Each structure stands twice: as C-alpha cells, then as structure tokens.
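> Got a file for you: my_file39.cif, mmCIF, C-alpha atoms.
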data_final
loop_
_atom_site.label_atom_id
_atom_site.label_comp_id
_atom_site.auth_asym_id
_atom_site.auth_seq_id
_atom_site.Cartn_x
_atom_site.Cartn_y
_atom_site.Cartn_z
CA MET G 1 2.91 18.78 -44.26
CA ILE G 2 0.46 17.92 -41.47
CA LYS G 3 1.14 14.21 -42.03
CA SER G 4 4.90 14.81 -41.79
CA LEU G 5 4.48 16.75 -38.57
CA GLY G 6 2.29 13.99 -37.15
CA LEU G 7 4.90 11.37 -38.06
CA LEU G 8 7.67 13.52 -36.57
CA SER G 9 5.77 13.96 -33.27
CA PHE G 10 5.10 10.22 -33.19
CA LEU G 11 8.81 9.45 -33.68
CA LEU G 12 9.83 12.04 -31.09
CA CYS G 13 7.32 10.55 -28.67
CA ILE G 14 8.83 7.07 -29.16
CA LEU G 15 12.39 8.41 -28.78
CA TYR G 16 11.41 10.33 -25.62
CA SER G 17 9.68 7.29 -24.13
CA GLU G 18 12.71 5.10 -24.77
CA ALA G 19 15.07 7.72 -23.38
CA GLN G 20 12.85 7.91 -20.29
CA TYR G 21 13.03 4.15 -19.64
CA PRO G 22 16.33 2.86 -21.04
CA GLY G 23 16.02 -0.66 -22.41
CA TYR G 24 12.24 -0.47 -22.68
CA THR G 25 10.16 -0.01 -25.80
CA LEU G 26 6.64 1.32 -25.96
CA LEU G 27 4.07 -1.36 -26.77
CA ASP G 28 2.21 -0.47 -29.92
CA GLN G 29 -0.42 -3.16 -29.23
CA PRO G 30 -1.28 -2.59 -25.55
CA GLU G 31 -4.61 -4.40 -25.99
CA THR G 32 -2.81 -7.76 -26.30
CA PHE G 33 -1.03 -7.08 -23.02
CA LYS G 34 -4.26 -6.02 -21.34
CA ILE G 35 -6.04 -9.26 -22.33
CA SER G 36 -3.19 -11.49 -21.06
CA PHE G 37 -2.81 -9.38 -17.95
CA THR G 38 -6.52 -9.49 -17.10
CA GLN G 39 -6.61 -13.26 -17.62
CA ALA G 40 -3.55 -13.84 -15.40
CA THR G 41 -4.63 -11.52 -12.59
CA GLY G 42 -8.10 -13.08 -12.71
CA LYS G 43 -6.52 -16.31 -11.49
CA THR G 44 -4.57 -14.67 -8.66
CA GLU G 45 -6.53 -14.93 -5.43
CA THR G 46 -3.74 -14.23 -2.95
CA ILE G 47 -0.14 -13.05 -2.88
CA GLN G 48 2.34 -13.35 -0.05
CA SER G 49 5.78 -11.85 -0.31
CA ASP G 50 8.64 -10.02 1.31
CA PHE G 51 9.21 -6.45 0.30
CA LYS G 52 12.05 -3.97 0.29
CA GLN G 53 11.29 -0.30 0.10
CA GLU G 54 13.67 2.48 -0.82
CA LYS G 55 12.75 6.12 -0.53
CA SER G 56 15.22 8.35 -2.40
CA LEU G 57 15.36 11.99 -1.47
CA SER G 58 17.05 13.47 -4.51
CA MET G 59 18.06 16.88 -3.17
CA LEU G 60 19.30 15.44 0.11
CA SER G 61 21.17 12.57 -1.59
CA GLU G 62 19.57 10.40 1.02
CA ASN G 63 17.93 6.97 0.92
CA ILE G 64 15.65 5.51 3.55
CA ASN G 65 15.42 1.74 3.42
CA SER G 66 12.65 -0.36 4.91
CA ASN G 67 11.58 -3.96 4.59
CA GLY G 68 8.85 -6.26 5.74
CA LYS G 69 6.15 -8.76 4.83
CA PHE G 70 3.27 -8.30 2.42
CA TRP G 71 -0.09 -10.08 2.04
CA TYR G 72 -2.83 -9.51 -0.55
CA ARG G 73 -6.21 -11.12 -0.96
CA LYS G 74 -8.57 -10.35 -3.79
CA ASN G 75 -10.22 -7.83 -4.17
CA ASP G 76 -9.45 -5.25 -1.57
CA LYS G 77 -7.38 -6.66 1.28
CA ILE G 78 -3.73 -5.80 1.89
CA ARG G 79 -1.48 -6.09 4.90
CA MET G 80 1.96 -4.49 4.92
CA GLU G 81 4.03 -5.27 7.95
CA TYR G 82 7.23 -3.24 8.18
CA ILE G 83 9.94 -4.92 10.22
CA GLN G 84 12.80 -2.49 9.56
CA PRO G 85 13.60 0.23 10.50
CA TYR G 86 10.80 -0.27 13.04
CA SER G 87 7.58 -2.19 13.47
CA TYR G 88 4.66 -0.67 11.58
CA ILE G 89 1.56 -2.46 10.36
CA MET G 90 -0.92 -1.19 7.80
CA ILE G 91 -4.04 -3.14 6.88
CA LEU G 92 -6.37 -2.12 4.07
CA ASN G 93 -9.65 -3.97 4.24
CA GLY G 94 -12.62 -2.81 2.24
CA GLY G 95 -12.96 0.88 2.79
CA LYS G 96 -11.01 0.86 6.05
CA ILE G 97 -7.39 1.45 6.92
CA TYR G 98 -5.85 0.24 10.17
CA ILE G 99 -2.43 1.36 11.29
CA LYS G 100 -0.45 0.08 14.23
CA GLU G 101 2.78 1.83 15.09
CA GLY G 102 4.33 0.59 18.30
CA GLN G 103 1.51 0.67 20.82
CA LYS G 104 -0.48 3.28 18.88
CA GLU G 105 -3.44 2.15 16.82
CA ASN G 106 -5.24 4.26 14.27
CA LYS G 107 -8.32 3.48 12.23
CA ILE G 108 -9.16 5.59 9.22
CA SER G 109 -12.11 5.34 6.93
CA ALA G 110 -10.63 5.61 3.46
CA ASN G 111 -13.97 6.90 2.26
CA SER G 112 -13.73 9.88 4.61
CA ASN G 113 -10.47 11.04 3.12
CA LYS G 114 -10.23 11.50 -0.64
CA VAL G 115 -6.43 11.32 -0.83
CA PHE G 116 -6.22 8.25 1.42
CA GLN G 117 -8.93 6.66 -0.68
CA GLN G 118 -6.93 7.30 -3.85
CA VAL G 119 -3.58 6.17 -2.42
CA ASN G 120 -5.32 3.10 -0.99
CA ARG G 121 -6.76 2.31 -4.40
CA ILE G 122 -3.39 2.77 -6.13
CA LEU G 123 -1.83 0.07 -3.97
CA ILE G 124 -4.70 -2.36 -4.41
CA ASP G 125 -4.93 -1.67 -8.15
CA CYS G 126 -1.19 -2.09 -8.65
CA VAL G 127 -1.05 -5.42 -6.88
CA GLY G 128 -4.48 -6.70 -7.90
CA GLY G 129 -4.00 -5.75 -11.53
CA SER G 130 -6.95 -3.40 -11.94
CA MET G 131 -4.86 -0.26 -12.47
CA LEU G 132 -5.57 -0.18 -16.19
CA ASP G 133 -9.27 0.32 -15.41
CA ASN G 134 -8.64 3.17 -12.96
CA PRO G 135 -10.05 6.38 -14.49
CA ASP G 136 -7.78 8.47 -12.24
CA PHE G 137 -4.80 7.54 -14.45
CA GLN G 138 -3.72 7.55 -18.04
CA SER G 139 -1.55 4.53 -18.81
CA ARG G 140 1.20 3.53 -21.24
CA ILE G 141 2.84 0.14 -21.41
CA PHE G 142 6.48 -0.58 -22.17
CA GLU G 143 8.39 -3.85 -22.32
CA ARG G 144 11.82 -5.34 -22.23
CA SER G 145 13.14 -8.83 -21.73
CA GLY G 146 11.23 -10.41 -18.84
CA THR G 147 9.39 -7.28 -17.71
CA PHE G 148 6.49 -5.03 -18.61
CA LEU G 149 6.44 -1.48 -17.31
CA VAL G 150 3.04 0.10 -16.81
CA GLU G 151 3.33 3.87 -16.51
CA LEU G 152 0.42 5.59 -14.77
CA ILE G 153 0.05 9.36 -15.11
CA PRO G 154 -2.41 10.87 -12.61
CA LEU G 155 -5.32 12.75 -14.11
CA THR G 156 -7.09 14.05 -11.01
CA LYS G 157 -6.01 17.27 -9.30
CA ASN G 158 -5.45 15.61 -5.89
CA LEU G 159 -3.16 12.95 -7.29
CA ARG G 160 -1.36 15.33 -9.64
CA GLU G 161 -0.36 17.34 -6.57
CA LEU G 162 1.26 14.23 -5.09
CA TYR G 163 2.75 12.18 -7.90
CA LYS G 164 4.30 12.86 -11.29
CA ASN G 165 3.81 9.24 -12.29
CA ILE G 166 3.61 5.76 -10.82
CA ASN G 167 5.24 2.83 -12.60
CA ILE G 168 4.49 -0.81 -12.02
CA LEU G 169 7.00 -3.40 -13.11
CA ILE G 170 5.32 -6.67 -14.04
CA ASP G 171 6.95 -10.06 -14.36
CA LYS G 172 6.22 -11.53 -17.81
CA LYS G 173 6.18 -15.05 -16.32
CA ASP G 174 3.17 -14.68 -14.05
CA TYR G 175 1.98 -11.08 -14.61
CA THR G 176 2.48 -10.16 -10.96
CA ALA G 177 3.96 -6.85 -9.83
CA THR G 178 7.65 -7.09 -9.01
CA ALA G 179 7.98 -3.42 -8.09
CA ILE G 180 6.00 -0.23 -7.70
CA GLU G 181 7.84 3.04 -8.35
CA MET G 182 6.24 6.25 -7.16
CA PHE G 183 7.73 9.47 -8.54
CA GLU G 184 6.94 12.68 -6.70
CA LEU G 185 6.90 16.15 -8.24
CA SER G 186 9.96 17.10 -6.17
CA GLY G 187 12.08 14.46 -7.90
CA ASP G 188 11.94 12.15 -4.89
CA LYS G 189 10.86 8.58 -5.49
CA THR G 190 9.81 5.50 -3.55
CA ILE G 191 10.36 2.00 -4.89
CA ILE G 192 8.70 -1.02 -3.30
CA ARG G 193 10.16 -4.31 -4.57
CA PHE G 194 8.32 -7.57 -3.96
CA GLN G 195 10.45 -10.65 -3.44
CA ASN G 196 9.88 -14.34 -2.66
CA LYS G 197 6.30 -14.21 -3.94
CA ILE G 198 3.93 -17.06 -3.20
CA LEU G 199 0.73 -17.01 -5.26
CA ASN G 200 -2.64 -18.41 -4.22
CA ALA G 201 -1.58 -19.83 -0.87
CA GLN G 202 -4.20 -19.98 1.89
CA ILE G 203 -4.05 -16.82 4.05
CA ASP G 204 -5.82 -16.79 7.39
CA ASP G 205 -8.64 -14.23 7.77
CA SER G 206 -6.96 -12.88 10.89
CA VAL G 207 -4.15 -11.43 8.77
CA PHE G 208 -6.55 -8.82 7.41
CA ASN G 209 -8.67 -8.36 10.54
CA ILE G 210 -9.14 -4.80 11.71
CA PRO G 211 -9.61 -4.99 15.49
CA MET E 212 -15.72 33.94 59.41
CA ARG E 213 -15.44 37.69 59.68
CA LYS E 214 -16.08 39.85 56.58
CA SER E 215 -12.56 41.31 56.66
CA THR E 216 -11.03 37.80 56.69
CA ILE E 217 -13.18 36.75 53.72
CA ARG E 218 -12.19 39.94 51.89
CA PHE E 219 -8.52 39.24 52.66
CA LEU E 220 -8.75 35.65 51.38
CA ILE E 221 -10.53 36.76 48.19
CA SER E 222 -7.85 39.42 47.60
CA LEU E 223 -5.11 36.89 48.24
CA ASN E 224 -6.72 34.42 45.85
CA LEU E 225 -7.16 37.12 43.22
CA ALA E 226 -3.56 38.26 43.61
CA GLY E 227 -2.41 34.66 43.33
CA THR E 228 -4.45 34.16 40.18
CA ILE E 229 -3.07 37.32 38.59
CA LEU E 230 0.47 36.38 39.56
CA SER E 231 0.09 32.81 38.36
CA CYS E 232 -1.07 34.12 34.98
CA ASN E 233 2.45 35.35 34.40
CA GLN E 234 4.65 32.37 34.94
CA TYR E 235 7.88 34.34 34.52
CA ARG E 236 7.08 37.34 36.73
CA HIS E 237 8.59 35.91 39.90
CA MET E 238 11.93 35.24 38.20
CA GLN E 239 14.86 37.60 38.69
CA ARG E 240 16.79 39.17 35.87
CA ILE E 241 20.44 38.24 36.12
CA GLN E 242 23.58 38.98 34.18
CA SER E 243 24.51 36.04 32.03
CA ASP E 244 26.49 35.24 28.93
CA GLU E 245 24.26 34.89 25.89
CA PHE E 246 26.91 32.79 24.16
CA CYS E 247 27.08 30.16 26.90
CA ILE E 248 24.17 28.20 25.40
CA GLN E 249 25.94 27.83 22.07
CA LYS E 250 27.94 24.91 23.41
CA LEU E 251 24.64 23.16 24.17
CA ARG E 252 23.34 23.58 20.61
CA PRO E 253 22.28 20.18 19.20
CA ASP E 254 24.24 19.01 16.20
CA PHE E 255 21.71 18.41 13.44
CA ASN E 256 24.31 17.66 10.80
CA HIS E 257 22.49 14.47 9.88
CA ALA E 258 19.79 12.57 11.75
CA VAL E 259 16.86 10.32 10.94
CA TYR E 260 14.02 10.09 13.44
CA LYS E 261 11.02 7.86 13.92
CA THR E 262 8.34 10.48 14.46
CA SER E 263 4.90 10.50 16.04
CA VAL E 264 2.55 13.44 15.89
CA ASP E 265 -0.60 13.51 17.99
CA VAL E 266 -2.99 16.36 17.45
CA VAL E 267 -6.59 16.64 18.64
CA GLY E 268 -7.07 12.87 18.79
CA LYS E 269 -5.39 12.23 15.41
CA HIS E 270 -2.15 10.28 15.17
CA ILE E 271 0.35 10.59 12.32
CA SER E 272 3.63 8.74 12.19
CA GLY E 273 6.57 8.69 9.83
CA ILE E 274 10.24 9.38 9.36
CA LEU E 275 11.82 12.80 9.79
CA ILE E 276 15.19 13.54 8.24
CA VAL E 277 17.30 16.50 9.30
CA LYS E 278 20.33 17.18 7.16
CA ARG E 279 22.85 19.99 6.80
CA MET E 280 23.39 20.77 3.14
CA PRO E 281 26.65 21.78 1.42
CA ASP E 282 25.45 25.42 1.39
CA SER E 283 25.11 25.20 5.22
CA SER E 284 21.33 25.35 5.10
CA THR E 285 19.39 22.69 7.01
CA ARG E 286 16.66 20.62 5.37
CA VAL E 287 13.89 18.98 7.38
CA VAL E 288 11.85 16.37 5.53
CA PHE E 289 8.94 14.36 6.94
CA THR E 290 7.58 11.31 5.10
CA ASN E 291 5.23 8.56 6.11
CA GLU E 292 6.36 4.95 6.35
CA MET E 293 5.30 4.23 2.76
CA GLY E 294 7.49 7.02 1.46
CA PHE E 295 4.77 9.58 0.90
CA SER E 296 6.22 13.03 1.73
CA TYR E 297 4.33 15.35 4.06
CA PHE E 298 6.70 18.31 3.95
CA ASP E 299 10.22 19.41 3.03
CA PHE E 300 11.43 22.62 4.70
CA GLY E 301 14.69 24.49 4.23
CA PHE E 302 16.37 26.70 6.82
CA PRO E 303 19.11 28.90 5.27
CA PRO E 304 22.27 29.34 7.37
CA ASP E 305 21.43 32.58 9.15
CA SER E 306 17.73 33.27 8.87
CA GLY E 307 14.82 32.71 6.57
CA PHE E 308 12.72 29.74 5.67
CA LYS E 309 11.81 27.95 2.46
CA ILE E 310 9.06 25.45 1.73
CA TYR E 311 10.19 22.96 -0.88
CA LEU E 312 7.14 20.76 -0.52
CA ILE E 313 4.03 20.47 1.64
CA VAL E 314 0.96 18.32 1.10
CA PRO E 315 -2.24 20.30 0.53
CA GLN E 316 -3.72 18.97 3.79
CA MET E 317 -0.92 20.61 5.80
CA ASN E 318 -0.56 23.70 3.66
CA LYS E 319 -2.15 26.04 6.18
CA SER E 320 -0.44 29.15 7.53
CA GLY E 321 -1.03 28.16 11.18
CA VAL E 322 0.44 24.68 10.72
CA ILE E 323 3.47 25.97 8.79
CA ARG E 324 4.12 28.79 11.28
CA THR E 325 3.94 26.39 14.24
CA LEU E 326 6.26 23.82 12.66
CA ARG E 327 8.71 26.48 11.53
CA LYS E 328 8.91 27.97 15.03
CA ASP E 329 9.28 24.53 16.61
CA PHE E 330 12.24 23.64 14.41
CA GLU E 331 13.79 27.09 14.83
CA LEU E 332 13.70 26.66 18.60
CA LEU E 333 15.26 23.18 18.39
CA MET E 334 17.99 24.38 16.04
CA PHE E 335 18.88 27.37 18.25
CA ARG E 336 18.14 29.77 15.42
CA ASN E 337 18.00 33.49 16.12
CA THR E 338 20.04 33.14 19.30
CA ASN E 339 22.41 36.00 18.67
CA GLY E 340 19.99 38.88 19.08
CA SER E 341 20.86 42.00 21.00
CA ARG E 342 17.61 41.69 22.96
CA TYR E 343 18.95 38.74 24.98
CA TYR E 344 18.31 38.64 28.70
CA ALA E 345 18.41 35.98 31.40
CA LEU E 346 16.07 35.09 34.26
CA LYS E 347 16.85 33.00 37.31
CA ASP E 348 14.41 30.61 38.91
CA SER E 349 15.45 28.24 41.71
CA GLY E 350 18.54 26.63 40.27
CA LEU E 351 17.60 27.23 36.64
CA VAL E 352 18.56 29.98 34.25
CA TYR E 353 16.14 31.01 31.54
CA HIS E 354 18.12 32.35 28.59
CA ALA E 355 15.58 34.48 26.75
CA PHE E 356 15.71 35.40 23.06
CA PRO E 357 12.73 37.53 22.04
CA GLN E 358 11.51 36.65 18.55
CA ASN E 359 8.77 38.18 16.49
CA GLY E 360 5.98 38.17 19.05
CA ASP E 361 7.33 35.20 21.03
CA ILE E 362 10.20 34.55 23.39
CA ASN E 363 12.41 31.49 22.99
CA TYR E 364 13.78 30.27 26.31
CA TYR E 365 16.74 27.89 26.64
CA ILE E 366 16.61 26.70 30.21
CA THR E 367 19.89 25.53 31.69
CA ASP E 368 21.35 24.70 35.06
CA ASN E 369 23.07 27.52 36.96
CA ASN E 370 26.43 26.87 35.33
CA CYS E 371 25.02 26.68 31.81
CA ARG E 372 26.46 23.18 31.48
CA ARG E 373 23.24 21.27 30.88
CA LEU E 374 20.24 22.12 28.75
CA ILE E 375 17.19 21.18 30.83
CA LYS E 376 14.47 22.15 28.35
CA MET E 377 13.38 24.74 25.82
CA GLN E 378 10.25 26.82 25.74
CA ARG E 379 8.51 29.09 23.31
CA ALA E 380 6.40 31.54 25.24
CA THR E 381 4.35 34.66 25.22
CA THR E 382 5.45 37.33 27.69
CA LYS E 383 3.37 35.53 30.33
CA LYS E 384 3.39 31.79 29.79
CA PRO E 385 4.88 28.97 27.73
CA ILE E 386 3.00 27.91 24.62
CA MET E 387 5.33 25.06 23.74
CA GLU E 388 7.95 23.06 25.58
CA ALA E 389 10.66 20.79 24.17
CA PHE E 390 13.01 18.33 25.80
CA ILE E 391 15.98 16.80 24.09
CA PHE E 392 17.68 13.67 25.37
CA GLU E 393 21.23 12.42 25.05
CA ASN E 394 22.39 15.63 23.50
CA SER E 395 26.05 16.32 22.92
CA GLN E 396 27.98 18.62 20.67
CA ASP E 397 29.08 16.14 18.06
CA ILE E 398 25.98 13.96 17.63
CA ALA E 399 22.32 14.71 17.03
CA PRO E 400 19.99 14.25 20.03
CA ASP E 401 18.82 10.69 20.49
CA SER E 402 15.25 11.75 21.14
CA ILE E 403 13.14 14.87 21.28
CA SER E 404 9.78 15.51 22.87
CA ILE E 405 7.63 18.54 22.02
CA ARG E 406 4.40 19.51 23.74
CA HIS E 407 2.16 22.40 22.81
CA PHE E 408 -0.01 24.07 25.41
CA ASN E 409 -2.07 26.37 23.21
CA ILE E 410 -3.27 23.61 20.87
CA SER E 411 -5.01 20.85 22.75
CA HIS E 412 -3.22 17.51 22.81
CA PHE E 413 -0.60 18.49 20.25
CA SER E 414 2.63 16.65 20.82
CA ILE E 415 5.53 15.47 18.68
CA THR E 416 8.00 12.79 19.67
CA LEU E 417 11.15 11.92 17.76
CA LYS E 418 13.41 8.92 18.33
CA GLN E 419 16.58 8.55 16.32
CA ILE E 420 16.72 5.55 13.97
CA PRO E 421 20.06 3.75 13.87
CA ALA E 422 22.19 4.54 10.82
CA PRO E 423 21.57 1.44 8.58
CA ALA E 424 18.02 2.62 7.74
CA ALA E 425 19.34 5.82 6.28
CA GLN E 426 22.21 5.87 3.82
#
Written as structure tokens, that's how I'd like the structure from this file.


Amino acid sequence: MIKSLGLLSFLLCILYSEAQYPGYTLLDQPETFKISFTQATGKTETIQSDFKQEKSLSMLSENINSNGKFWYRKNDKIRMEYIQPYSYIMILNGGKIYIKEGQKENKISANSNKVFQQVNRILIDCVGGSMLDNPDFQSRIFERSGTFLVELIPLTKNLRELYKNINILIDKKDYTATAIEMFELSGDKTIIRFQNKILNAQIDDSVFNIP
Amino acid sequence: MRKSTIRFLISLNLAGTILSCNQYRHMQRIQSDEFCIQKLRPDFNHAVYKTSVDVVGKHISGILIVKRMPDSSTRVVFTNEMGFSYFDFGFPPDSGFKIYLIVPQMNKSGVIRTLRKDFELLMFRNTNGSRYYALKDSGLVYHAFPQNGDINYYITDNNCRRLIKMQRATTKKPIMEAFIFENSQDIAPDSISIRHFNISHFSITLKQIPAPAAQ
C-alpha cells in the first residue's frame, strides 16, 4: 500500500512537472548534468552579450520591455547597461553594487543589505553557473531538445517573500544561460534573454570599474 | 535705540513669526465652484514613468505604471529596472485603497500612508466633499478639500483654467507639494515632481516613457 502510494506520488510529481513546463521532462540523473555543467562553466572566463528584458505584469496585462548590453567576468563581476527605455548602468563587482541612472550615481555595499546581497548572488550564480551550489535554493533540472531548464525554488524567508521560483534556461551546446526567468508571488514575471553571446573574449578592466 | 522702539520691533518680529507659521492665514475665503477643477484632473488611464525617488540621501529609481482597470479602479505599480517589484497599489473607483504587493523593506505604515496620500492628491481623489472651500492669494485660487487630518489644495489661476500646483497641508503649512507638467484632459501628464517638506530631502520625479517600452 505504502509502495503504491509512493509510486503514485512520484508519477503525479512527474506529470505535474511536465504540465508546468510543456515540452520539458524532469531529469532523473541530474548528477550527469551537474558534472558536464561544472566542467563547461569552469572554462568560461568571460561572457559578452546583448540582452532583452520583458517584465510581464499579469493583472495589468502589461509588458515593459528593455534592452541593453551585458558583460560578465569570473567570478563576481557583472555589468548590465540598459539602453532602452532609458540609460541605466548597474555594475556588480565583488561585494559592491554601482548604479548610474542619468546623472545620478549610487554605490551600495551588497554586504550591508541582505536582500541586495541575495539578488546580486542570484544573477552572478545564474550566469556564472554556480547556482546549483547555492544553499538558498532547492533545484530541479528539466530538459528538452537543445535546452536545459534549471528551476530554483527559494528556501530562505527573504527570498521566498520575493520570488516563487527562478528558472535558468541553458543552451546544451555551450552550457551558457540563454535566459533567466524570475517568477514573483503575484504572478508577475521578468525574463532576461541573452543574445549574440561571445565567450572568453578579452574585456577591459574599466568595464567593471566602480568609480 | 529707545526701549519702546526695541519693544515695538520685538513685537513686530514676534507677530511676523506667528503669522508666517500659518502660511494660509493671510488668504481670503472666496466663493468658487468646487467642480471647476475637475476639468484639470490628469488622465491616468495609462502611463509609464521613469521614476526617481530621493529620500534622506538614498536614491531609488525604476519604472512606475499607472493603469485604469476594467472595473474603473486604478493600479499603481513601481518596479526597478531589473523588473523587481517594489509595490503594487490599487485605488478603487470612489474611495479605498488596496495593497496587492509591497516589499518588506517598504512595508511600513508611514511609508504606505505617505505614498497613498501622494497618489490620491495626484489623482484628484476625494474632491467631491461637502467641506470644500476656496482661498484667494494674489492671482491664485487655492481649492481646498479637507481630508482626514490634512487638506488637499489644488492651486489654479483666477479663472480655474490652469493647474499651477497641488499641495497637501496641515491647517498651517504645506507638507508636500506637487507639480505636473504638460497636463491635458485626454493624456497623462508628461512629468510630475513631488517634494515633501516634513521628511528631509524626500522628492519623487516622474517622466513619462514613450509608448514602445510599454505594451
């Protein structure tokens, strides 16, 4: 009886997962993925790309679209430069965050703000490939042709108040993130898609400089 | 200087100080039409604003969306550039207020009350009360709508053809002032500037983002 119930829950879990992400199946051997993923991301020193961001406000039936340029350097440097709808620059470097919006500059110590620290780490982990080691999340991995989907469910109270789950879509060819999907409790979501990626190109130090 | 002169100057100074404490006292009550300001009401049917908030040396920026819903309520949503939502407020058609979402860092009664009152002033809410009165001050008319504890002023020219500014005030002095620019009946204001006087260096500026960003 107990065995039957266990099997039934397992089957229901698989059916639910597949209904949640149409076209994807849950990996039953995530360890194999983790080994390949760790090896591939270990070789990625830098990423340059364009990005398109779409924020969907479900209740308002409203989308806000942005786009810009993205730079990453191992292990903890990111620059996101929004071009549309207006100029906005965010640099994450070590434990610091620098924001420039128009003529306004703002420097924040990520370490002084728990939520900023966690959101900062999500971005770096998602792009740098260390999200599977992040104890703030429980992960499941799905796949379909050409793409892995890593589902991250927040475990800490702070993050659970912000996000229902965060999904990272990973290109099977080079194991880099093609998109990050952030689902809020309200039903709103933000998708950042990375396009025209260039891996391991030389990036000048000044790109990540915090003045 | 003679003692009586000194006494006179001190009295004058004191009287001036007392009078200046009440910034509305010198204004004259006049008869005016409380409905005249309705034609100056901004149309917040749908607008997306680049938004900057400066408060006590801290700077927050993001995108603010104002949208009239099918049930005639108005939703006001503020997110940062990366899509992270700060708050989502709902204003039902006639009165009331609903919080759909607010981040824990902003979930404080003082912050919510201030933001609610700011938006209510901008949206001309509660402007049909029977306690309406009008004050005149050198070419300007202050259309006053007492609220719970505050007074919302819509300050127009003499003919009530142009909205000069808005104020939220105590009985004696303004605690917040808002300007809207390029306002007309059928489009949302192009930009809005809000300045608080009771909270040091608290200001909000909004500049409308052209339509392609928001769909």

> Can you pull out every residue within 10 Å of Ile141 (chain G), counting all atoms listed in the file, but drop anything in the same chain fewer than 5 positions away, and send it as a PyMOL selection string?

chain G and resi 24-31+33-34+132+148-152+167-169

> Using all atoms listed in the file, find which residues of chain E lie within 8 Å of chain G and jot them down as a list in words.

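The complete set of qualifying residues is His270, Ser272, Lys278, Met280, Arg286, Glu292, Met293, Gly294, Phe295, Tyr311, Leu312, Val314, Pro315, Ile420, Ala424, Ala425 and Gln426 of chain E.
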
> From the options G:Arg140, G:Arg121, G:Arg193, G:Lys173, which residue's atoms come nearest to Leu159 (chain G), counting all atoms listed in the file?

G:Arg121

> Measuring between only C-alpha atoms, which one of E:Gly273, E:Gly268, E:Pro421, E:Pro385 shows the shortest distance to His407 (chain E)?

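For His407 (chain E), the nearest of the candidates is E:Pro385.
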
> What is the CA of Tyr98 (chain G) to CA of Gln138 (chain G) distance in Å?

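Computed distance, CA of Tyr98 (chain G) to CA of Gln138 (chain G), equals 29.2 Å.
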
> I'd like the contact shell of Ile78 (chain G) - 12 Å cut-off, only C-alpha atoms, skipping same-chain residues fewer than 5 positions apart - returned as a ChimeraX atom specification.

/G:46-49,69-73,89-99,120-128,203,205-210

> Could you work out how far CA of Arg379 (chain E) lies from CA of Cys232 (chain E), giving the answer in Å with one decimal?

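Result for CA of Cys232 (chain E) versus CA of Arg379 (chain E): 15.9 Å, one decimal.
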
> Please write the residues picked by the PyMOL selection byres ((chain G and resi 36-42) around 7) on this file as a ChimeraX atom specification.

/G:32-35,43-44,128-129,174-175

> Could you write out that same residue set with C-alpha atoms as an mmCIF file, in the coordinates of the input?


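So the final result, stored in result10.cif, reads:
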data_model
loop_
_atom_site.group_PDB
_atom_site.id
_atom_site.type_symbol
_atom_site.label_atom_id
_atom_site.label_comp_id
_atom_site.auth_asym_id
_atom_site.auth_seq_id
_atom_site.Cartn_x
_atom_site.Cartn_y
_atom_site.Cartn_z
ATOM 1 C CA THR G 32 -2.810 -7.760 -26.300
ATOM 2 C CA PHE G 33 -1.030 -7.080 -23.020
ATOM 3 C CA LYS G 34 -4.260 -6.020 -21.340
ATOM 4 C CA ILE G 35 -6.040 -9.260 -22.330
ATOM 5 C CA LYS G 43 -6.520 -16.310 -11.490
ATOM 6 C CA THR G 44 -4.570 -14.670 -8.660
ATOM 7 C CA GLY G 128 -4.480 -6.700 -7.900
ATOM 8 C CA GLY G 129 -4.000 -5.750 -11.530
ATOM 9 C CA ASP G 174 3.170 -14.680 -14.050
ATOM 10 C CA TYR G 175 1.980 -11.080 -14.610
#

> Step by step, gather every atom of region 32-45 of chain G that the file lists, find the box along x, y and z that holds them, add 6 Å on each side, and finally give centre and edge lengths in Å to one decimal, as lines of an AutoDock Vina configuration file.


center_x = -4.6
center_y = -11.2
center_z = -15.9
size_x = 19.1
size_y = 22.3
size_z = 32.9

> Please write as a list in words the full residue list that the PyMOL selection byres ((chain G and resi 156) around 10) yields on this file.

Gln118, Pro135, Asp136, Phe137, Ile153, Pro154, Leu155, Lys157, Asn158, Leu159, Arg160 and Glu161 of chain G

> Show me the residues close to (11.2, 25.4, 13.7) - anything with an atom within 12 Å, counting all atoms listed in the file - and format the list as a PyMOL selection string.

chain E and resi 277+285-287+300-302+306-309+322-337+363+379+387+389+405

> Quick one: everything within 12 Å of Ser243 (chain E), counting only C-alpha atoms, minus sequence neighbours fewer than 4 positions away in the same chain. Send it as a ChimeraX atom specification.

/E:239,247-248,343-347,352-355,367,369-371

> What is the distance, in Å and to one decimal place, between CA of Phe51 (chain G) and CA of Leu199 (chain G)?

14.6 Å

> Tell me which of E:Ser263, E:Leu417, E:Thr290, E:Pro303 sits closest to Gln103 (chain G), counting all atoms listed in the file.

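Under the stated criterion, the closest residue is E:Ser263.
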
> Let me know the residues the PyMOL selection byres ((chain E and resi 375) around 9) catches in the file above, as a list in words.

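With the PyMOL selection byres ((chain E and resi 375) around 9) on this model, the match is Leu351, Tyr365, Ile366, Thr367, Asp368, Arg373, Leu374, Lys376, Met377, Phe390 and Ile391 of chain E.
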
> For a quick check of understanding, using only C-alpha atoms, which of E:Thr338, E:Ser411, E:Gln358, E:Ser402 has the smallest distance to Arg252 (chain E)?

E:Thr338
